[in-house]
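> So I've got this file, final.tsv, and it contains TSV, C-alpha atoms:
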```tsv
chain	number	residue	atom	x	y	z
A	68	MET	CA	-68.84	37.03	3.35
A	69	LEU	CA	-68.94	40.82	3.28
A	70	THR	CA	-65.58	41.21	1.50
A	71	ARG	CA	-64.33	38.66	-0.99
A	72	ILE	CA	-60.99	38.62	-2.80
A	73	VAL	CA	-61.23	36.39	-5.87
A	74	ALA	CA	-59.30	36.20	-9.14
A	75	ASP	CA	-57.48	39.53	-8.51
A	76	ARG	CA	-60.81	41.25	-7.80
A	77	VAL	CA	-62.24	42.60	-4.59
A	78	TYR	CA	-65.98	42.80	-4.01
A	79	ASP	CA	-67.10	44.52	-0.83
A	80	PHE	CA	-70.71	44.54	0.31
A	81	SER	CA	-71.81	48.15	0.75
A	82	HIS	CA	-75.38	48.40	1.97
A	83	VAL	CA	-79.01	47.68	1.23
A	84	VAL	CA	-81.76	50.03	0.06
A	85	GLY	CA	-85.37	49.01	0.45
A	86	GLY	CA	-88.66	48.93	2.25
A	87	ARG	CA	-92.36	49.27	1.55
A	88	GLN	CA	-91.62	52.27	-0.66
A	89	ILE	CA	-90.37	49.93	-3.42
A	90	THR	CA	-92.65	46.89	-3.21
A	91	GLY	CA	-93.24	45.22	-6.56
A	92	MET	CA	-89.75	46.10	-7.77
A	93	LEU	CA	-88.71	44.24	-10.94
A	94	ASN	CA	-85.89	46.12	-12.56
A	95	LEU	CA	-83.61	49.14	-12.25
A	96	THR	CA	-81.22	51.23	-14.28
A	97	VAL	CA	-78.54	53.72	-13.27
A	98	GLY	CA	-78.59	57.35	-14.39
A	99	ARG	CA	-76.30	60.32	-13.83
A	100	ASP	CA	-75.00	61.41	-10.43
A	101	ASP	CA	-76.85	59.35	-7.80
A	102	ASN	CA	-79.97	58.75	-9.92
A	103	VAL	CA	-81.36	55.22	-9.97
A	104	PHE	CA	-84.66	54.46	-11.72
A	105	VAL	CA	-86.63	51.52	-10.33
A	106	LEU	CA	-89.60	49.83	-12.03
A	107	LEU	CA	-92.40	48.84	-9.66
A	108	ARG	CA	-95.04	46.44	-11.02
A	109	ARG	CA	-98.15	46.22	-8.85
A	110	PRO	CA	-101.74	45.28	-9.75
A	111	ASN	CA	-103.20	48.78	-9.58
A	112	SER	CA	-100.27	51.10	-9.02
A	113	SER	CA	-97.30	50.31	-11.26
A	114	ASN	CA	-94.82	53.15	-11.62
A	115	VAL	CA	-91.24	54.23	-12.18
A	116	THR	CA	-89.64	55.48	-8.98
A	117	LYS	CA	-86.65	57.78	-9.33
A	118	LEU	CA	-84.32	57.40	-6.35
A	119	SER	CA	-81.18	59.12	-5.26
A	120	ILE	CA	-78.82	56.42	-3.94
A	121	GLY	CA	-75.52	57.63	-2.55
A	122	THR	CA	-72.51	55.61	-1.47
A	123	MET	CA	-73.36	55.44	2.22
A	124	PRO	CA	-76.23	53.71	4.05
A	125	GLY	CA	-79.11	56.09	4.64
A	126	ASP	CA	-78.31	58.36	1.67
A	127	GLU	CA	-81.28	57.11	-0.35
A	128	GLU	CA	-84.23	59.38	-1.05
A	129	ILE	CA	-87.25	59.21	-3.37
A	130	GLN	CA	-87.12	62.04	-5.91
A	131	THR	CA	-90.27	61.38	-7.92
A	132	GLN	CA	-92.65	58.67	-9.12
A	133	PHE	CA	-94.42	58.59	-12.47
A	134	GLY	CA	-96.57	56.41	-14.68
A	135	SER	CA	-100.08	55.10	-14.13
A	136	THR	CA	-101.83	51.76	-14.48
A	137	GLY	CA	-104.29	51.47	-17.35
A	138	GLU	CA	-104.47	51.09	-21.10
A	139	GLY	CA	-104.36	54.72	-22.19
A	140	GLY	CA	-101.65	56.11	-24.40
A	141	SER	CA	-99.25	56.83	-21.54
A	142	ASP	CA	-100.32	54.04	-19.14
A	143	PHE	CA	-98.71	50.76	-18.11
A	144	ARG	CA	-100.62	47.53	-17.83
A	145	TRP	CA	-97.82	45.02	-17.15
A	146	PRO	CA	-94.44	46.81	-17.32
A	147	ALA	CA	-91.37	44.60	-17.37
A	148	HIS	CA	-88.03	46.43	-17.80
A	149	LEU	CA	-86.63	49.92	-18.23
A	150	ALA	CA	-83.58	51.63	-19.74
A	151	LEU	CA	-82.16	55.14	-20.21
A	152	ASP	CA	-80.87	56.94	-23.28
A	153	SER	CA	-78.10	59.56	-23.26
A	154	ASP	CA	-80.58	62.31	-22.29
A	155	GLU	CA	-81.78	60.22	-19.34
A	156	ASN	CA	-85.14	59.61	-21.00
A	157	VAL	CA	-86.77	56.48	-19.57
A	158	TYR	CA	-87.91	53.62	-21.87
A	159	VAL	CA	-90.31	51.06	-20.34
A	160	THR	CA	-91.46	47.81	-21.95
A	161	ASP	CA	-95.06	46.71	-21.41
A	162	GLU	CA	-95.71	42.99	-21.85
A	163	TRP	CA	-99.49	43.29	-21.81
A	164	LEU	CA	-99.81	46.16	-24.28
A	165	HIS	CA	-96.88	44.98	-26.46
A	166	ARG	CA	-95.19	48.36	-26.63
A	167	VAL	CA	-92.44	50.61	-25.31
A	168	LEU	CA	-93.30	53.87	-23.52
A	169	VAL	CA	-90.85	56.77	-23.29
A	170	PHE	CA	-90.78	59.43	-20.54
A	171	ASP	CA	-88.36	62.24	-19.85
A	172	THR	CA	-86.22	62.11	-16.71
A	173	ASP	CA	-88.90	63.91	-14.67
A	174	GLY	CA	-91.70	61.59	-15.80
A	175	GLU	CA	-93.36	63.57	-18.59
A	176	PHE	CA	-94.70	61.22	-21.27
A	177	LEU	CA	-92.95	61.66	-24.63
A	178	ARG	CA	-94.08	58.87	-26.96
A	179	SER	CA	-94.68	55.14	-27.38
A	180	PHE	CA	-94.00	52.64	-30.12
A	181	GLY	CA	-94.91	49.06	-30.96
A	182	GLN	CA	-98.01	46.91	-31.18
A	183	GLN	CA	-98.77	43.20	-31.03
A	184	GLY	CA	-97.48	41.16	-33.95
A	185	ASP	CA	-94.43	39.43	-35.36
A	186	GLY	CA	-93.36	41.93	-38.00
A	187	PRO	CA	-90.56	44.50	-37.75
A	188	GLY	CA	-91.27	46.91	-34.92
A	189	GLN	CA	-94.05	44.70	-33.52
A	190	PHE	CA	-93.80	42.73	-30.30
A	191	ASN	CA	-95.21	39.73	-28.50
A	192	ARG	CA	-94.65	40.23	-24.78
A	193	PRO	CA	-91.58	42.51	-24.89
A	194	SER	CA	-89.51	42.10	-21.73
A	195	GLY	CA	-85.88	43.22	-21.46
A	196	ILE	CA	-84.63	46.48	-22.91
A	197	THR	CA	-81.22	48.14	-23.18
A	198	ILE	CA	-79.83	51.15	-25.04
A	199	ASP	CA	-76.36	51.32	-26.57
A	200	GLY	CA	-73.92	54.22	-26.87
A	201	ASN	CA	-75.59	55.40	-30.09
A	202	ASP	CA	-79.02	55.56	-28.43
A	203	ASP	CA	-80.22	52.54	-30.41
A	204	VAL	CA	-82.70	50.38	-28.51
A	205	TYR	CA	-82.59	46.59	-28.11
A	206	VAL	CA	-85.75	44.81	-26.97
A	207	SER	CA	-86.19	41.18	-25.93
A	208	ASP	CA	-89.24	40.25	-27.99
A	209	ALA	CA	-89.89	37.32	-25.68
A	210	LEU	CA	-92.67	35.29	-27.31
A	211	ASN	CA	-91.39	36.04	-30.81
A	212	HIS	CA	-88.11	34.55	-29.48
A	213	ARG	CA	-85.92	37.26	-30.99
A	214	ILE	CA	-84.07	40.47	-30.20
A	215	GLN	CA	-85.11	43.58	-32.08
A	216	LYS	CA	-82.89	46.63	-32.62
A	217	LEU	CA	-84.70	49.93	-33.20
A	218	ASP	CA	-83.79	53.58	-33.20
A	219	LYS	CA	-84.93	55.67	-30.24
A	220	TYR	CA	-88.16	56.60	-32.03
A	221	GLY	CA	-89.10	52.96	-32.60
A	222	SER	CA	-88.14	52.58	-36.27
A	223	PRO	CA	-86.91	48.99	-36.70
A	224	LEU	CA	-83.30	48.45	-37.77
A	225	TYR	CA	-82.90	44.67	-37.66
A	226	SER	CA	-83.66	41.61	-35.55
A	227	PHE	CA	-81.92	38.35	-34.80
A	228	GLY	CA	-82.91	35.00	-33.34
A	229	GLN	CA	-85.73	32.49	-33.58
A	230	ARG	CA	-87.19	29.84	-31.31
A	231	GLY	CA	-84.84	26.99	-30.55
A	232	ASP	CA	-81.89	25.92	-28.41
A	233	GLY	CA	-79.06	26.19	-30.92
A	234	ASP	CA	-76.49	28.94	-31.15
A	235	GLY	CA	-78.22	32.25	-31.80
A	236	GLU	CA	-81.67	30.82	-31.01
A	237	PHE	CA	-83.83	31.69	-28.01
A	238	ASN	CA	-86.57	30.41	-25.79
A	239	ALA	CA	-88.26	33.44	-24.19
A	240	PRO	CA	-85.28	35.83	-23.96
A	241	TRP	CA	-85.51	38.16	-20.98
A	242	GLY	CA	-82.99	40.68	-19.63
A	243	LEU	CA	-80.18	41.98	-21.84
A	244	THR	CA	-77.36	44.50	-21.89
A	245	THR	CA	-74.67	45.94	-24.16
A	246	ASP	CA	-70.98	46.54	-23.51
A	247	SER	CA	-68.64	49.32	-24.60
A	248	ASP	CA	-67.96	47.55	-27.91
A	249	GLY	CA	-71.65	47.38	-28.76
A	250	CYS	CA	-71.88	43.64	-28.12
A	251	VAL	CA	-75.22	42.36	-26.83
A	252	TYR	CA	-75.64	39.88	-23.96
A	253	VAL	CA	-79.00	38.13	-23.59
A	254	ALA	CA	-80.44	36.15	-20.69
A	255	ASP	CA	-81.94	33.25	-22.65
A	256	HIS	CA	-84.46	32.52	-19.91
A	257	LYS	CA	-85.87	29.09	-20.75
A	258	ASN	CA	-82.65	27.82	-22.33
A	259	HIS	CA	-80.88	28.55	-19.01
A	260	ARG	CA	-77.93	30.38	-20.53
A	261	ILE	CA	-76.41	33.71	-21.54
A	262	GLN	CA	-75.68	34.39	-25.20
A	263	LYS	CA	-73.35	37.07	-26.56
A	264	PHE	CA	-73.67	38.69	-30.00
A	265	ASP	CA	-71.56	41.28	-31.77
A	266	ALA	CA	-72.87	44.68	-32.82
A	267	ASP	CA	-74.22	43.18	-36.07
A	268	GLY	CA	-76.24	40.53	-34.25
A	269	ASP	CA	-73.85	37.68	-35.07
A	270	PHE	CA	-73.44	34.94	-32.45
A	271	VAL	CA	-70.22	35.10	-30.40
A	272	PHE	CA	-70.61	32.62	-27.54
A	273	SER	CA	-72.96	30.87	-25.13
A	274	LEU	CA	-72.43	30.56	-21.37
A	275	GLY	CA	-74.23	28.11	-19.11
A	276	GLU	CA	-76.65	25.22	-19.03
A	277	HIS	CA	-79.45	24.08	-16.73
A	278	GLY	CA	-78.40	23.25	-13.19
A	279	ASP	CA	-77.19	24.68	-9.89
A	280	GLY	CA	-73.40	24.39	-10.17
A	281	GLU	CA	-70.77	26.64	-11.70
A	282	ALA	CA	-71.65	27.76	-15.24
A	283	GLN	CA	-75.16	26.47	-14.65
A	284	PHE	CA	-78.33	28.52	-14.30
A	285	ASP	CA	-82.00	28.03	-13.55
A	286	HIS	CA	-84.09	30.51	-15.57
A	287	PRO	CA	-81.67	33.47	-15.64
A	288	THR	CA	-83.55	36.76	-15.75
A	289	ASP	CA	-80.88	39.40	-16.35
A	290	VAL	CA	-77.23	40.04	-17.20
A	291	ALA	CA	-74.83	42.95	-16.69
A	292	VAL	CA	-71.28	43.66	-17.89
A	293	ASP	CA	-68.78	45.96	-16.18
A	294	PRO	CA	-66.02	48.04	-17.82
A	295	ASP	CA	-63.51	45.21	-17.26
A	296	GLY	CA	-65.69	42.85	-19.27
A	297	ASP	CA	-66.79	40.81	-16.25
A	298	ILE	CA	-70.25	39.31	-16.68
A	299	TYR	CA	-72.89	39.13	-13.92
A	300	VAL	CA	-75.80	36.71	-14.29
A	301	CYS	CA	-79.01	36.96	-12.28
A	302	ASP	CA	-79.61	33.26	-11.62
A	303	TRP	CA	-83.24	33.59	-10.60
A	304	VAL	CA	-84.44	30.20	-9.31
A	305	ASN	CA	-81.01	29.44	-7.80
A	306	ASN	CA	-81.32	32.60	-5.65
A	307	ARG	CA	-77.92	33.97	-6.59
A	308	VAL	CA	-75.85	36.14	-8.92
A	309	GLN	CA	-72.85	34.54	-10.61
A	310	ALA	CA	-69.82	36.42	-11.96
A	311	TYR	CA	-67.60	35.40	-14.90
A	312	ASP	CA	-64.72	37.07	-16.68
A	313	ALA	CA	-64.80	38.03	-20.36
A	314	ASP	CA	-63.49	34.56	-21.31
A	315	ARG	CA	-66.35	32.86	-19.40
A	316	ASN	CA	-64.15	31.74	-16.49
A	317	TYR	CA	-66.04	31.52	-13.21
A	318	ILE	CA	-65.15	34.21	-10.64
A	319	THR	CA	-67.57	34.06	-7.70
A	320	THR	CA	-71.18	33.74	-6.55
A	321	PHE	CA	-73.17	36.33	-4.61
A	322	THR	CA	-76.00	35.01	-2.43
A	323	GLY	CA	-76.89	38.18	-0.50
A	324	ASP	CA	-75.24	39.83	2.49
A	325	ALA	CA	-77.81	42.26	3.91
A	326	GLN	CA	-76.86	41.86	7.57
A	327	GLU	CA	-78.08	45.37	8.41
A	328	LEU	CA	-81.56	46.66	7.67
A	329	SER	CA	-82.03	49.47	5.19
A	330	LYS	CA	-83.00	52.93	6.45
A	331	TRP	CA	-86.66	52.44	5.52
A	332	GLN	CA	-86.82	48.87	6.84
A	333	HIS	CA	-85.24	49.97	10.12
A	334	GLU	CA	-87.82	52.73	10.53
A	335	TYR	CA	-90.61	50.24	9.87
A	336	VAL	CA	-89.35	47.71	12.43
A	337	LEU	CA	-88.88	50.35	15.13
A	338	SER	CA	-92.38	51.69	14.57
A	339	ASN	CA	-93.99	48.23	14.88
A	340	PRO	CA	-93.34	46.66	18.31
A	341	ASP	CA	-94.72	43.24	17.30
A	342	VAL	CA	-92.39	43.05	14.30
A	343	TYR	CA	-89.47	44.16	16.47
A	344	LYS	CA	-90.20	41.45	19.05
A	345	ALA	CA	-90.69	38.76	16.42
A	346	ARG	CA	-87.30	39.45	14.82
A	347	ARG	CA	-85.60	39.18	18.22
A	348	ARG	CA	-87.16	35.76	18.88
A	349	VAL	CA	-85.84	33.94	15.80
A	350	TYR	CA	-82.85	31.62	16.14
A	351	SER	CA	-80.94	33.27	13.29
A	352	LEU	CA	-81.52	36.22	10.98
A	353	GLU	CA	-79.19	34.82	8.34
A	354	PRO	CA	-82.03	33.76	5.97
A	355	GLU	CA	-83.02	37.44	5.89
A	356	TRP	CA	-79.59	38.40	4.51
A	357	ARG	CA	-79.91	36.25	1.41
A	358	PHE	CA	-81.43	36.79	-2.02
A	359	ALA	CA	-84.91	35.42	-2.66
A	360	LEU	CA	-85.57	35.08	-6.40
A	361	PRO	CA	-83.39	38.04	-7.47
A	362	MET	CA	-84.75	39.60	-10.67
A	363	ALA	CA	-82.18	42.02	-12.09
A	364	VAL	CA	-78.56	43.14	-11.98
A	365	GLU	CA	-77.02	46.43	-13.04
A	366	PHE	CA	-73.41	47.62	-12.87
A	367	ASP	CA	-72.80	51.30	-12.12
A	368	PRO	CA	-69.51	52.08	-13.94
A	369	VAL	CA	-69.06	55.52	-12.37
A	370	LYS	CA	-69.23	54.30	-8.77
A	371	SER	CA	-67.95	50.80	-9.65
A	372	ARG	CA	-70.75	48.99	-7.88
A	373	LEU	CA	-73.09	46.10	-8.60
A	374	LEU	CA	-76.78	46.58	-7.77
A	375	VAL	CA	-78.99	43.51	-7.38
A	376	VAL	CA	-82.81	43.70	-7.34
A	377	ASP	CA	-84.04	41.44	-4.52
A	378	PRO	CA	-87.81	41.87	-4.98
A	379	GLN	CA	-89.21	39.34	-2.53
A	380	ARG	CA	-87.63	41.39	0.24
A	381	TRP	CA	-88.40	44.80	-1.36
A	382	ARG	CA	-84.79	45.87	-1.65
A	383	ILE	CA	-81.60	46.46	-3.62
A	384	GLN	CA	-78.34	44.93	-2.41
A	385	ILE	CA	-75.19	46.83	-3.39
A	386	TYR	CA	-71.62	45.53	-3.80
A	387	ASN	CA	-68.61	47.74	-4.52
A	388	LYS	CA	-65.92	46.47	-6.88
A	389	LEU	CA	-62.71	47.90	-5.44
A	390	ASP	CA	-59.43	48.56	-7.22
A	391	ASN	CA	-57.52	50.12	-4.32
A	392	TYR	CA	-58.04	47.56	-1.58
A	393	ASP	CA	-55.19	47.02	0.89
A	394	ASP	CA	-55.20	43.66	2.60
A	395	PRO	CA	-54.73	44.31	6.34
A	396	GLN	CA	-51.64	42.85	8.02
A	397	PHE	CA	-51.88	41.48	11.55
A	398	ASN	CA	-49.17	40.51	14.01
A	399	ILE	CA	-50.12	37.45	15.99
```
Would you write out, as structure tokens, the structure that this file holds?

Amino acid sequence: MLTRIVADRVYDFSHVVGGRQITGMLNLTVGRDDNVFVLLRRPNSSNVTKLSIGTMPGDEEIQTQFGSTGEGGSDFRWPAHLALDSDENVYVTDEWLHRVLVFDTDGEFLRSFGQQGDGPGQFNRPSGITIDGNDDVYVSDALNHRIQKLDKYGSPLYSFGQRGDGDGEFNAPWGLTTDSDGCVYVADHKNHRIQKFDADGDFVFSLGEHGDGEAQFDHPTDVAVDPDGDIYVCDWVNNRVQAYDADRNYITTFTGDAQELSKWQHEYVLSNPDVYKARRRVYSLEPEWRFALPMAVEFDPVKSRLLVVDPQRWRIQIYNKLDNYDDPQFNI
């Protein structure tokens, strides 16, 4: 379904961006104008790729790539997530080196903070990261089963959570985000749920349980919130993204709608006759449209669009959330 009208909302599939240029994609974040920063994790060539992604198919262009694989002061070994501060500086978590690296918007290394441990400002496999309106940084300290809040230079402010499955407890927290009120939403990966906390780290609510139905998840990896308070959950093993309103009422499920190839994928198919012939021989291309283990979701509030990282197919699927949609009238 390319356009869906559900619960007074309209979601319209826009287009797909992808190809061999973004293999190994794990996560993305939206910057100013058309800037989108994508984290690529590959054995010997991890990097951050800065893209320009417009509103129309074919608008996408690579602006720059930065970061190198290694264990030096400005290297990645096993990067996991990224986020931007108000100056569009890029913060990248590194699970292997237990730290956060910071680059400016053009890729110049600025600083890093963190080391392995369980004390304030230390990490054990940091994964998700988000930055609030005050430029304070939240990190999913996955194997310490907590969320840490730090200032943008890495000085610890406070943490919340411990291992468990009760309210306010975690089992390997992963992606996270903040809303306009400073509340924090956490993808509690191995507890198969989303938890919300207020700006002081106090528990607000839990959403979901293990399963494949409504309000059920299988190892959620990420969460996003739009300006209306609607919540989007990257339901990893269920190959879908689910949407809920601010009161946790189910809205809809996205399973992928990439019926047209991206610009880069189209160029690749046309330049490889065997691939072109093979695609024309299959009974149906519908499996190609769908998500395969989606890893991350991000909502772009300026362009009112949802971006879903679909890494197994090297692409980003984009849905517009419309507020001026006119339902066509037909005379039969």
> Mind listing as a PyMOL selection string all residues within 12 Å of (-84.8, 27.5, -30.4), counting only C-alpha atoms?
chain A and resi 210-213+228-240+255-258
> Could you give me, as a list in words, the residues that have an atom at most 7 Å away from the point (-89.3, 43.4, -19.7) in the coordinates of the file, using all atoms listed in the file?
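Residues satisfying the cut-off, written out: Pro146, Ala147, His148, Thr160, Asp161, Glu162, Pro193, Ser194, Gly195, Ile196, Trp241 and Gly242 of chain A.
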> Select, from A:Asp202, A:Asp154, A:Asp101, A:Glu128, the residue with the minimum atom-to-atom distance to Gly249 in chain A, counting all atoms listed in the file.
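Checking each candidate against Gly249 in chain A, we get A:Asp202 as the closest.
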> For a quick check of understanding, using all atoms listed in the file, which of A:Trp145, A:Trp356, A:Trp331, A:Phe321 has the smallest distance to Thr70 in chain A?
A:Phe321
> With all atoms listed in the file as the atoms that count, which of A:Ala310, A:Val304, A:Leu95, A:Val157 lies nearest to Ala359 in chain A?
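Using all atoms listed in the file, the shortest distance to Ala359 in chain A belongs to A:Val304.
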> Give me the residues near Pro124 in chain A as a ChimeraX atom specification, where near means some atom within 12 Å (using all atoms listed in the file) and where sequence neighbours in that chain fewer than 6 positions away do not count.
/A:80-85,325,327-333,383-385
> Any idea what's packed within 9 Å of range 284-291 of chain A, counting all atoms listed in the file, ignoring anything in its chain fewer than 3 positions away? Could you give it as a ChimeraX atom specification?
/A:195,240-246,252-261,275-281,297-305,309,361-366,373
> Need to verify the contact set: Gln182 in chain A, 8 Å, all atoms listed in the file, exclusion of same-chain residues closer than 5 positions in sequence. Can you return it as number ranges by chain?
A: 164-166, 188-190
> Could you jot down the CA of Gly174 in chain A to CA of Arg109 in chain A separation for me, Å, one decimal place?
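For CA of Gly174 in chain A relative to CA of Arg109 in chain A, the distance reads 18.1 Å.
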> Kindly list the centre and edge lengths in Å, rounded to one decimal, for the axis-aligned box that covers all listed atoms of range 375-384 of chain A plus 8 Å on each of its six sides, as JSON.

```
{"center_x": -83.8, "center_y": 42.9, "center_z": -3.6, "size_x": 26.9, "size_y": 23.1, "size_z": 23.6}
```
> Need the shell around Ile120 in chain A: protein/DNA/RNA residues with any atom at most 10 Å away, counting all atoms listed in the file. Skip same-chain ones fewer than 2 positions apart. Format as number ranges by chain?
A: 84, 97, 100-104, 117-118, 122-129
> Could you state the separation of CA of Ala150 in chain A and CA of Gly268 in chain A in Å, given to one decimal place?
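The value is 19.7 Å.
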> At most 12 Å is the cut-off: for each residue in range 70-102 of chain A with any atom that close to an atom of range 334-342 of chain A, write down the nearest atom pair and the distance in Å rounded to one decimal, counting all atoms listed in the file, chain first then increasing number, as a tab-separated table.

```
residue	atom	partner	partner_atom	distance
A:Gly85	CA	A:Tyr335	CA	10.8
A:Gly86	CA	A:Tyr335	CA	8.0
A:Arg87	CA	A:Tyr335	CA	8.6
A:Gln88	CA	A:Tyr335	CA	10.8
```
> Report the distance between CA of Asp377 in chain A and CA of Gln326 in chain A in Å, rounded to one decimal place.
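A separation of 14.1 Å between them.
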> Which one is closest to Arg382 in chain A: A:Asp295, A:Asp367, A:Glu355, A:Asp173? Count all atoms listed in the file.
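Ranked by minimum distance to Arg382 in chain A, first place goes to A:Glu355.
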> Give me, as a ChimeraX atom specification, all polymer residues having an atom no more than 7 Å from Ser226 in chain A, counting only C-alpha atoms and skipping those fewer than 4 positions away in the same chain.
/A:213-216
> Any chance you could export the current selection's C-alpha atoms as an mmCIF file, in the frame of the given file?

```cif
data_model
loop_
_atom_site.group_PDB
_atom_site.id
_atom_site.type_symbol
_atom_site.label_atom_id
_atom_site.label_comp_id
_atom_site.auth_asym_id
_atom_site.auth_seq_id
_atom_site.Cartn_x
_atom_site.Cartn_y
_atom_site.Cartn_z
ATOM 1 C CA ARG A 213 -85.920 37.260 -30.990
ATOM 2 C CA ILE A 214 -84.070 40.470 -30.200
ATOM 3 C CA GLN A 215 -85.110 43.580 -32.080
ATOM 4 C CA LYS A 216 -82.890 46.630 -32.620
#
```
> Pick the closest to Pro368 in chain A from A:Asp185, A:Asp208, A:Asp293, A:Asp314: which is it, counting all atoms listed in the file?
A:Asp293
> Pick from A:Pro378, A:Gly200, A:Gly121, A:Gly140: nearest to Gly181 in chain A, with all atoms listed in the file counted?
A:Gly140
> Just add all heavy atoms to range 133-139 of chain A and send it as a JSON list (two decimals), keeping the file's coordinate frame.

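And here's selection08.json as it stands now:
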```
[["chain", "number", "residue", "atom", "x", "y", "z"],
["A", 133, "PHE", "N", -93.58, 58.25, -11.32],
["A", 133, "PHE", "CA", -94.42, 58.59, -12.47],
["A", 133, "PHE", "C", -94.89, 57.33, -13.18],
["A", 133, "PHE", "O", -94.33, 56.25, -13.00],
["A", 133, "PHE", "CB", -93.69, 59.53, -13.44],
["A", 133, "PHE", "CG", -92.36, 59.02, -13.95],
["A", 133, "PHE", "CD1", -92.28, 58.24, -15.10],
["A", 133, "PHE", "CD2", -91.19, 59.37, -13.31],
["A", 133, "PHE", "CE1", -91.06, 57.80, -15.59],
["A", 133, "PHE", "CE2", -89.96, 58.94, -13.79],
["A", 133, "PHE", "CZ", -89.90, 58.16, -14.93],
["A", 134, "GLY", "N", -95.93, 57.52, -14.00],
["A", 134, "GLY", "CA", -96.57, 56.41, -14.68],
["A", 134, "GLY", "C", -97.84, 56.01, -13.96],
["A", 134, "GLY", "O", -97.96, 56.17, -12.75],
["A", 135, "SER", "N", -98.81, 55.51, -14.72],
["A", 135, "SER", "CA", -100.08, 55.10, -14.13],
["A", 135, "SER", "C", -100.54, 53.80, -14.76],
["A", 135, "SER", "O", -100.17, 53.48, -15.90],
["A", 135, "SER", "CB", -101.14, 56.19, -14.33],
["A", 135, "SER", "OG", -101.29, 56.49, -15.71],
["A", 136, "THR", "N", -101.33, 53.05, -14.01],
["A", 136, "THR", "CA", -101.83, 51.76, -14.48],
["A", 136, "THR", "C", -103.10, 51.96, -15.29],
["A", 136, "THR", "O", -104.03, 52.63, -14.86],
["A", 136, "THR", "CB", -102.10, 50.83, -13.29],
["A", 136, "THR", "OG1", -100.90, 50.66, -12.54],
["A", 136, "THR", "CG2", -102.58, 49.47, -13.78],
["A", 137, "GLY", "N", -103.13, 51.36, -16.47],
["A", 137, "GLY", "CA", -104.29, 51.47, -17.35],
["A", 137, "GLY", "C", -103.91, 51.07, -18.75],
["A", 137, "GLY", "O", -102.87, 50.45, -18.98],
["A", 138, "GLU", "N", -104.74, 51.43, -19.71],
["A", 138, "GLU", "CA", -104.47, 51.09, -21.10],
["A", 138, "GLU", "C", -104.52, 52.32, -22.01],
["A", 138, "GLU", "O", -104.63, 52.20, -23.22],
["A", 138, "GLU", "CB", -105.44, 50.01, -21.58],
["A", 138, "GLU", "CG", -105.30, 48.71, -20.78],
["A", 138, "GLU", "CD", -106.07, 47.55, -21.40],
["A", 138, "GLU", "OE1", -106.55, 47.67, -22.53],
["A", 138, "GLU", "OE2", -106.17, 46.50, -20.72],
["A", 139, "GLY", "N", -104.44, 53.50, -21.40],
["A", 139, "GLY", "CA", -104.36, 54.72, -22.19],
["A", 139, "GLY", "C", -103.01, 54.87, -22.85],
["A", 139, "GLY", "O", -102.09, 54.06, -22.65]]
```
